[in-house]
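Reproduced below: work-v5.cif, with mmCIF, C-alpha atoms.
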```cif
data_run
loop_
_atom_site.label_atom_id
_atom_site.label_comp_id
_atom_site.auth_asym_id
_atom_site.auth_seq_id
_atom_site.Cartn_x
_atom_site.Cartn_y
_atom_site.Cartn_z
CA MET A 1 31.47 23.47 -22.09
CA THR A 2 28.66 25.77 -20.99
CA PHE A 3 25.05 25.78 -22.03
CA SER A 4 22.29 28.28 -22.48
CA ILE A 5 19.33 27.11 -20.43
CA LEU A 6 15.73 28.35 -20.49
CA LEU A 7 13.77 27.81 -17.26
CA VAL A 8 10.00 28.07 -17.68
CA ASP A 9 7.93 28.14 -14.49
CA ASP A 10 5.47 30.65 -13.08
CA SER A 11 7.03 30.10 -9.65
CA MET A 12 10.08 32.32 -9.20
CA PRO A 13 11.34 30.28 -6.20
CA MET A 14 11.09 27.07 -8.26
CA ARG A 15 13.12 28.64 -11.11
CA SER A 16 15.72 29.58 -8.53
CA VAL A 17 15.79 26.05 -7.10
CA ILE A 18 16.24 24.46 -10.53
CA LYS A 19 19.00 26.95 -11.34
CA LYS A 20 20.79 25.97 -8.14
CA ALA A 21 20.39 22.29 -9.00
CA PHE A 22 22.08 22.97 -12.34
CA LYS A 23 24.97 24.72 -10.64
CA ALA A 24 25.27 21.91 -8.10
CA ALA A 25 25.48 19.51 -11.04
CA GLY A 26 28.53 21.38 -12.33
CA TYR A 27 26.94 23.54 -15.01
CA SER A 28 28.00 26.64 -13.08
CA ALA A 29 29.14 28.74 -16.02
CA SER A 30 25.98 28.22 -18.00
CA SER A 31 23.74 31.15 -18.85
CA PHE A 32 20.16 31.08 -17.68
CA HIS A 33 17.10 32.62 -19.26
CA GLU A 34 13.77 32.63 -17.45
CA ALA A 35 10.11 32.73 -18.43
CA ALA A 36 6.92 32.58 -16.36
CA SER A 37 4.68 31.10 -19.07
CA GLY A 38 4.79 29.21 -22.34
CA MET A 39 4.19 32.41 -24.28
CA GLU A 40 7.11 34.18 -22.59
CA ALA A 41 9.26 31.12 -23.28
CA LEU A 42 8.53 31.26 -27.02
CA GLU A 43 9.60 34.92 -27.02
CA GLN A 44 12.83 33.99 -25.23
CA LEU A 45 13.45 31.23 -27.77
CA ALA A 46 12.98 33.68 -30.63
CA ASN A 47 15.51 36.10 -29.15
CA ASN A 48 18.18 33.87 -27.63
CA TRP A 49 20.26 30.81 -28.44
CA ILE A 50 18.91 28.06 -26.15
CA ASP A 51 20.43 24.60 -25.70
CA ILE A 52 17.80 23.10 -23.43
CA VAL A 53 14.39 24.03 -22.03
CA ILE A 54 13.24 23.01 -18.54
CA THR A 55 9.53 23.63 -18.14
CA ASP A 56 6.68 23.30 -15.68
CA PHE A 57 3.31 22.07 -16.94
CA THR A 58 0.69 24.13 -15.10
CA MET A 59 1.16 27.83 -15.82
CA PRO A 60 -1.25 30.67 -16.44
CA GLY A 61 -1.82 31.40 -20.12
CA MET A 62 0.07 28.89 -22.24
CA ASN A 63 0.95 25.74 -20.28
CA GLY A 64 4.05 23.60 -20.72
CA LEU A 65 2.42 21.05 -23.00
CA GLU A 66 1.03 23.71 -25.34
CA MET A 67 4.48 25.33 -25.45
CA LEU A 68 6.12 21.97 -26.22
CA ILE A 69 3.70 21.34 -29.12
CA LYS A 70 4.36 24.86 -30.51
CA MET A 71 8.10 24.26 -30.31
CA LYS A 72 7.89 20.97 -32.18
CA GLN A 73 5.90 22.70 -34.95
CA ASN A 74 8.64 25.30 -35.42
CA ASP A 75 11.67 24.35 -37.54
CA LEU A 76 13.96 26.60 -35.49
CA PHE A 77 12.97 25.17 -32.10
CA LYS A 78 11.96 21.58 -32.81
CA ASP A 79 15.38 20.07 -32.06
CA ILE A 80 15.86 21.82 -28.70
CA PRO A 81 15.43 19.23 -25.94
CA VAL A 82 12.61 19.95 -23.49
CA VAL A 83 12.50 18.47 -19.99
CA VAL A 84 9.21 18.69 -18.12
CA VAL A 85 9.45 19.25 -14.35
CA THR A 86 6.00 19.08 -12.84
CA THR A 87 3.73 17.78 -10.13
CA GLU A 88 1.57 16.04 -12.73
CA GLY A 89 2.10 12.35 -12.10
CA SER A 90 -0.56 10.45 -14.00
CA ARG A 91 0.51 7.92 -16.63
CA GLU A 92 -1.79 9.62 -19.12
CA LYS A 93 -0.14 13.00 -18.63
CA ILE A 94 3.40 11.59 -18.79
CA ASP A 95 2.54 9.75 -22.04
CA GLN A 96 1.13 12.99 -23.41
CA PHE A 97 4.40 14.84 -22.71
CA MET A 98 6.57 12.11 -24.17
CA LYS A 99 4.42 11.61 -27.30
CA SER A 100 4.56 15.36 -27.86
CA GLY A 101 8.34 15.21 -28.01
CA ALA A 102 9.61 15.85 -24.47
CA ALA A 103 13.17 14.63 -23.95
CA GLY A 104 12.54 13.77 -20.32
CA TYR A 105 10.31 14.08 -17.35
CA ILE A 106 11.01 14.85 -13.68
CA LYS A 107 8.32 14.72 -11.05
CA LYS A 108 8.18 17.19 -8.18
CA PRO A 109 9.31 16.88 -5.45
CA PHE A 110 12.75 16.15 -6.87
CA THR A 111 16.30 15.95 -5.59
CA PRO A 112 19.18 17.91 -7.19
CA GLU A 113 20.63 14.53 -8.21
CA GLN A 114 17.55 13.79 -10.34
CA ILE A 115 18.02 17.08 -12.18
CA ARG A 116 21.74 16.38 -12.63
CA ASP A 117 21.16 12.85 -13.95
CA MET A 118 18.50 13.99 -16.42
CA ILE A 119 20.54 16.90 -17.74
CA THR A 120 23.70 14.80 -17.99
CA SER A 121 21.84 12.16 -19.97
CA ILE A 122 20.75 14.83 -22.44
CA LEU A 123 23.65 17.30 -22.56
CA GLY A 124 26.48 15.06 -21.42
CA GLU A 125 28.87 15.53 -18.52
CA SER A 126 29.73 19.08 -17.51
CA ASN A 127 33.41 19.98 -17.76
CA ASP A 128 33.10 22.68 -15.11
CA ASN A 129 34.62 20.43 -12.49
CA ASP A 130 37.44 19.29 -14.73
CA GLN A 131 40.62 19.88 -12.71
CA SER A 132 43.05 18.92 -15.48
CA ASP A 133 45.85 21.38 -16.17
CA ASP A 134 45.80 22.46 -19.78
CA SER A 135 48.96 24.54 -19.54
CA ASP A 136 50.91 22.03 -21.61
CA SER A 137 48.25 21.72 -24.20
CA ASP A 138 49.30 21.87 -27.83
CA PHE A 139 46.60 24.45 -28.33
CA ASP A 140 48.04 27.01 -25.89
CA PHE A 141 49.38 30.11 -27.49
CA MET B 1 -11.94 6.80 -2.04
CA THR B 2 -12.85 7.61 1.53
CA MET B 3 -11.91 10.82 3.30
CA THR B 4 -9.64 8.81 5.60
CA ASN B 5 -7.76 7.42 2.58
CA LEU B 6 -7.44 10.88 1.05
CA MET B 7 -6.11 12.40 4.28
CA THR B 8 -3.67 9.48 4.64
CA GLN B 9 -2.30 10.17 1.14
CA ILE B 10 -2.04 13.87 1.99
CA ALA B 11 -0.10 12.99 5.15
CA ILE B 12 2.34 10.83 3.14
CA SER B 13 2.69 13.51 0.46
CA ILE B 14 3.37 16.39 2.84
CA SER B 15 6.10 14.30 4.46
CA GLU B 16 7.72 13.60 1.08
CA VAL B 17 7.48 17.21 -0.09
CA MET B 18 8.76 18.73 3.15
CA GLU B 19 11.64 16.30 3.52
CA THR B 20 12.72 16.25 -0.15
CA MET B 21 12.40 19.92 -1.06
CA PHE B 22 12.72 21.70 2.30
CA TYR B 23 14.86 19.30 4.37
CA ILE B 24 12.30 19.63 7.18
CA PRO B 25 11.17 16.43 8.93
CA VAL B 26 7.47 16.46 9.74
CA GLU B 27 5.11 14.37 11.82
CA PRO B 28 1.51 14.33 10.63
CA ARG B 29 -0.82 13.66 13.54
CA ASN B 30 -2.92 10.52 13.44
CA GLY B 31 -6.37 10.93 11.97
CA TYR B 32 -7.87 14.32 11.30
CA THR B 33 -9.93 16.94 13.00
CA THR B 34 -11.73 20.09 11.84
CA ILE B 35 -10.93 23.76 12.27
CA CYS B 36 -13.85 24.05 14.70
CA GLU B 37 -12.83 21.02 16.75
CA SER B 38 -9.18 22.06 16.80
CA GLY B 39 -10.14 25.49 18.06
CA LEU B 40 -8.12 27.00 15.25
CA PHE B 41 -9.84 30.36 14.82
CA LEU B 42 -9.19 32.34 11.71
CA ASP B 43 -10.67 35.65 12.59
CA ASN B 44 -8.67 38.53 11.19
CA LEU B 45 -11.17 39.77 8.63
CA ASP B 46 -9.33 43.01 7.94
CA HIS B 47 -6.25 41.11 6.84
CA PRO B 48 -7.54 37.77 5.61
CA GLU B 49 -4.14 36.68 4.38
CA HIS B 50 -2.74 37.09 7.86
CA PHE B 51 -4.87 35.08 10.25
CA LYS B 52 -4.54 35.05 13.97
CA SER B 53 -4.94 31.53 15.23
CA ILE B 54 -5.38 30.35 18.77
CA PHE B 55 -5.95 26.92 20.19
CA LYS B 56 -8.63 26.26 22.80
CA SER B 57 -5.83 25.93 25.31
CA GLY B 58 -4.88 29.50 24.52
CA LYS B 59 -1.59 28.42 23.01
CA ARG B 60 -0.77 30.18 19.80
CA VAL B 61 0.20 28.19 16.75
CA ALA B 62 3.99 28.22 16.51
CA GLU B 63 4.03 31.33 18.66
CA ALA B 64 3.41 33.29 15.51
CA ASP B 65 0.51 35.65 15.04
CA ASN B 66 0.66 35.62 11.30
CA ILE B 67 -0.65 32.64 9.42
CA GLN B 68 -0.30 32.30 5.67
CA ALA B 69 -2.77 30.23 3.67
CA ALA B 70 -3.03 29.11 0.05
CA THR B 71 -5.68 27.17 -1.84
CA ILE B 72 -5.72 25.02 -4.97
CA THR B 73 -8.70 23.54 -6.78
CA PHE B 74 -8.76 20.03 -8.24
CA HIS B 75 -11.09 18.30 -10.69
CA GLY B 76 -11.28 14.58 -11.47
CA THR B 77 -13.29 11.61 -10.29
CA PHE B 78 -14.11 13.96 -7.43
CA SER B 79 -13.54 17.69 -7.18
CA GLY B 80 -12.85 20.25 -4.52
CA GLU B 81 -10.21 22.45 -2.98
CA ILE B 82 -7.21 21.98 -0.68
CA CYS B 83 -6.07 24.69 1.70
CA LEU B 84 -2.59 24.78 3.22
CA ILE B 85 -2.18 26.85 6.40
CA VAL B 86 1.36 27.68 7.53
CA PRO B 87 2.60 30.01 10.30
CA GLU B 88 4.81 32.73 8.87
CA LYS B 89 7.71 31.67 11.08
CA LEU B 90 7.68 28.19 9.54
CA LEU B 91 7.18 29.59 6.04
CA VAL B 92 10.33 31.69 6.42
CA VAL B 93 12.35 28.60 7.39
CA MET B 94 10.85 26.65 4.47
CA THR B 95 11.72 29.46 2.05
CA GLU B 96 15.28 29.74 3.39
CA ASN B 97 15.80 26.00 2.90
CA PHE B 98 14.01 25.88 -0.45
CA MET B 99 15.88 28.75 -2.06
CA GLY B 100 19.15 28.44 -0.17
CA GLU B 101 18.96 32.12 0.72
CA GLU B 102 19.36 33.82 4.07
CA ARG B 103 16.30 35.40 5.67
CA ARG B 104 17.52 38.95 5.03
CA HIS B 105 17.46 38.30 1.29
CA LEU B 106 13.89 36.98 1.24
CA THR B 107 10.95 39.06 0.01
CA ASP B 108 7.19 38.61 0.30
CA GLU B 109 7.28 37.32 -3.28
CA HIS B 110 9.66 34.54 -2.22
CA LEU B 111 7.43 33.56 0.71
CA ASP B 112 4.29 33.69 -1.39
CA GLY B 113 5.86 31.67 -4.20
CA THR B 114 7.17 29.05 -1.79
CA LEU B 115 3.79 28.62 -0.15
CA LYS B 116 2.04 28.20 -3.51
CA GLU B 117 4.70 25.81 -4.81
CA THR B 118 4.46 23.72 -1.64
CA LEU B 119 0.71 23.37 -2.08
CA ASN B 120 1.13 22.63 -5.78
CA MET B 121 3.60 19.82 -5.04
CA LEU B 122 1.45 18.51 -2.20
CA ALA B 123 -1.67 18.33 -4.37
CA GLY B 124 0.11 16.87 -7.41
CA ASN B 125 1.88 14.26 -5.33
CA THR B 126 -1.31 13.31 -3.51
CA PHE B 127 -3.39 12.79 -6.63
CA SER B 128 -0.65 10.89 -8.45
CA LYS B 129 -0.74 8.41 -5.54
CA ILE B 130 -4.52 8.15 -5.56
CA ASP B 131 -4.90 7.40 -9.25
CA THR B 132 -1.93 6.86 -11.56
CA GLU B 133 -4.06 6.18 -14.61
CA SER B 134 -6.64 8.92 -14.86
CA SER B 135 -5.69 12.53 -14.57
CA PHE B 136 -6.75 14.98 -11.90
CA CYS B 137 -6.56 18.55 -13.14
CA LEU B 138 -5.09 21.02 -10.71
CA GLY B 139 -5.82 24.73 -10.72
CA VAL B 140 -3.24 27.44 -10.16
CA PRO B 141 -2.51 27.92 -6.43
CA GLU B 142 -3.74 31.17 -4.93
CA THR B 143 -2.88 32.98 -1.74
CA ASN B 144 -5.72 35.47 -1.97
CA THR B 145 -7.69 33.93 0.86
CA SER B 146 -10.31 36.66 0.89
CA ALA B 147 -12.14 34.59 -1.71
CA ILE B 148 -12.69 31.72 0.69
CA THR B 149 -14.76 31.45 3.80
CA ILE B 150 -11.97 30.23 5.99
CA THR B 151 -12.36 33.29 8.16
CA ASP B 152 -15.96 32.36 8.92
CA LYS B 153 -16.45 29.54 11.39
CA LYS B 154 -19.79 28.80 9.73
CA GLY B 155 -18.11 28.56 6.33
CA TRP B 156 -17.50 25.26 4.61
CA TYR B 157 -13.88 25.06 5.68
CA ALA B 158 -14.84 25.26 9.34
CA ASN B 159 -16.10 21.67 9.36
CA SER B 160 -13.87 20.29 6.65
CA PRO B 161 -11.31 17.65 7.64
CA LEU B 162 -8.11 19.23 8.92
CA LEU B 163 -4.81 17.40 9.08
CA LEU B 164 -2.38 18.85 11.61
CA VAL B 165 1.32 18.39 10.89
CA ASP B 166 4.02 19.00 13.50
CA THR B 167 7.40 20.43 12.55
CA MET B 168 10.30 21.76 14.62
CA ASP B 169 9.33 25.27 13.58
CA GLY B 170 5.58 25.16 14.04
CA LEU B 171 2.34 23.42 13.33
CA MET B 172 0.92 23.45 9.82
CA GLY B 173 -2.59 22.52 8.74
CA ILE B 174 -4.07 21.05 5.57
CA THR B 175 -7.80 21.09 5.02
CA VAL B 176 -9.83 19.66 2.15
CA ASN B 177 -13.26 20.53 0.89
CA ILE B 178 -14.98 18.12 -1.48
CA LYS B 179 -17.63 19.80 -3.59
#
```
Taking this structure as input, can you express it in the form of structure tokens?
Amino acid sequence: MTFSILLVDDSMPMRSVIKKAFKAAGYSASSFHEAASGMEALEQLANNWIDIVITDFTMPGMNGLEMLIKMKQNDLFKDIPVVVVTTEGSREKIDQFMKSGAAGYIKKPFTPEQIRDMITSILGESNDNDQSDDSDSDFDF
Amino acid sequence: MTMTNLMTQIAISISEVMETMFYIPVEPRNGYTTICESGLFLDNLDHPEHFKSIFKSGKRVAEADNIQAATITFHGTFSGEICLIVPEKLLVVMTENFMGEERRHLTDEHLDGTLKETLNMLAGNTFSKIDTESSFCLGVPETNTSAITITDKKGWYANSPLLLVDTMDGLMGITVNIK
């Protein structure tokens, strides 16, 4: 199963790193959409099917928390899980994210395994690494 | 919070960031100095983003003429600015490791973004160690160093505490100014 993933971060290298972490976790066939701010992310959400949003907090214009609140106020977007990946580490800020409806929180610096574990807990195991041979499946035509 | 405590937390944070995200082991030097005392001159006024830096001994930092610097502001129980100074040679290695791309595929945008993200992670990690309850607000990292007085030895960065950090690919510096 593949997923449509929206990466929201004003740092292009960081978006690239998170994308690689996804692929390393086995979600290699997933499609990625990217946005550099909360406002851009809302536009992407309006125009694309998105399964999960991974967002930074500090961004120029609309930050990650403001974007999260906007999403939760919108009937079309409110059920899309949002994971916050940020340097913000205070208890107050983490509580703010979680109370606003974030599905998870990862603090930078992070390891690819942390990304994998968080995504797996939300989306479930990726089947990309499934080596089973389906040639005998009843559903083959 | 004393300056020594702050610089100690910065030393711990830069080690965590460099080792976790860039796979580069680092060795922060004990204590801290200042740009003036270190003899680290930042004197290329025509190209403030590319400093030439020379130690008193005449040895160039990381044998690289070009130095990249980024700053980030912070506001909380105390406020100020952190500046990260990295030789371009080291920054290229960091960017290669960070993005998993070969040097020939890297652009200035990649280098610039990596430098800013490094400083962002360093600052966020440092302040989350200092105070887990209250929130320090971080600004957006900037690499436009023409706005700061780092090129002027009389400027406020000249006598600000400077932490020197050794890596296999060069020496990096982190300086803090409390306003």
Hey, could you make a per-residue contact list for chain B against chain A with 9 Å as the cut-off, showing the nearest pair of atoms and its distance in Å to one decimal, counting only C-alpha atoms, sorted by chain and number, as CSV?
```
residue,atom,partner,partner_atom,distance
B:Glu16,CA,A:Pro109,CA,7.5
B:Val17,CA,A:Pro109,CA,5.7
B:Met18,CA,A:Pro109,CA,8.8
B:Thr20,CA,A:Pro109,CA,6.3
B:Met21,CA,A:Pro109,CA,6.2
B:Thr95,CA,A:Pro13,CA,8.3
B:Phe98,CA,A:Val17,CA,6.9
B:Met99,CA,A:Val17,CA,5.7
B:Gly100,CA,A:Val17,CA,8.1
B:Glu109,CA,A:Met12,CA,8.2
B:His110,CA,A:Pro13,CA,6.1
B:Leu111,CA,A:Pro13,CA,8.6
B:Gly113,CA,A:Ser11,CA,5.8
B:Thr114,CA,A:Pro13,CA,6.2
B:Lys116,CA,A:Ser11,CA,8.1
B:Glu117,CA,A:Ser11,CA,6.9
B:Asn120,CA,A:Thr87,CA,7.0
B:Met121,CA,A:Thr87,CA,5.5
B:Leu122,CA,A:Thr87,CA,8.3
B:Ala123,CA,A:Thr87,CA,7.9
B:Gly124,CA,A:Thr87,CA,4.6
B:Asn125,CA,A:Thr87,CA,6.2
B:Phe127,CA,A:Gly89,CA,7.8
B:Ser128,CA,A:Gly89,CA,4.8
B:Lys129,CA,A:Gly89,CA,8.2
B:Asp131,CA,A:Ser90,CA,7.1
B:Thr132,CA,A:Ser90,CA,4.6
B:Glu133,CA,A:Arg91,CA,5.3
B:Ser134,CA,A:Ser90,CA,6.3
B:Ser135,CA,A:Ser90,CA,5.6
B:Phe136,CA,A:Ser90,CA,8.0
B:Cys137,CA,A:Glu88,CA,8.5
B:Leu138,CA,A:Thr58,CA,7.9
B:Gly139,CA,A:Thr58,CA,7.9
B:Val140,CA,A:Thr58,CA,7.1
```
Take the PyMOL selection byres ((chain A and resi 70) around 12), run it mentally on this structure, and tell me the resulting residues as a list in words. Gly38, Met39, Ala41, Leu42, Glu43, Leu45, Met62, Asn63, Gly64, Leu65, Glu66, Met67, Leu68, Ile69, Met71, Lys72, Gln73, Asn74, Asp75, Leu76, Phe77, Lys78, Val82, Ser100 and Gly101 of chain A
Suppose you want the space between CA of Pro28 (chain B) and CA of Met94 (chain B); what is it in Å? 16.6 Å
Would you list the contacts of Val8 (chain A) as a PDB file with C-alpha atoms, in the frame of the given file, taking every protein, DNA or RNA residue within 6 Å and counting all atoms listed in the file, but skipping same-chain residues closer than 4 positions in sequence?
```pdb
ATOM      1  CA  GLU A  34      13.770  32.630 -17.450  1.00  0.00           C
ATOM      2  CA  ALA A  35      10.110  32.730 -18.430  1.00  0.00           C
ATOM      3  CA  ALA A  36       6.920  32.580 -16.360  1.00  0.00           C
ATOM      4  CA  THR A  55       9.530  23.630 -18.140  1.00  0.00           C
TER       5      THR A  55
END
```
Straight-line distance linking CA of Ile115 (chain A) with CA of Asn48 (chain A), stated in Å to one decimal: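 Interatomic distance here is 22.8 Å.
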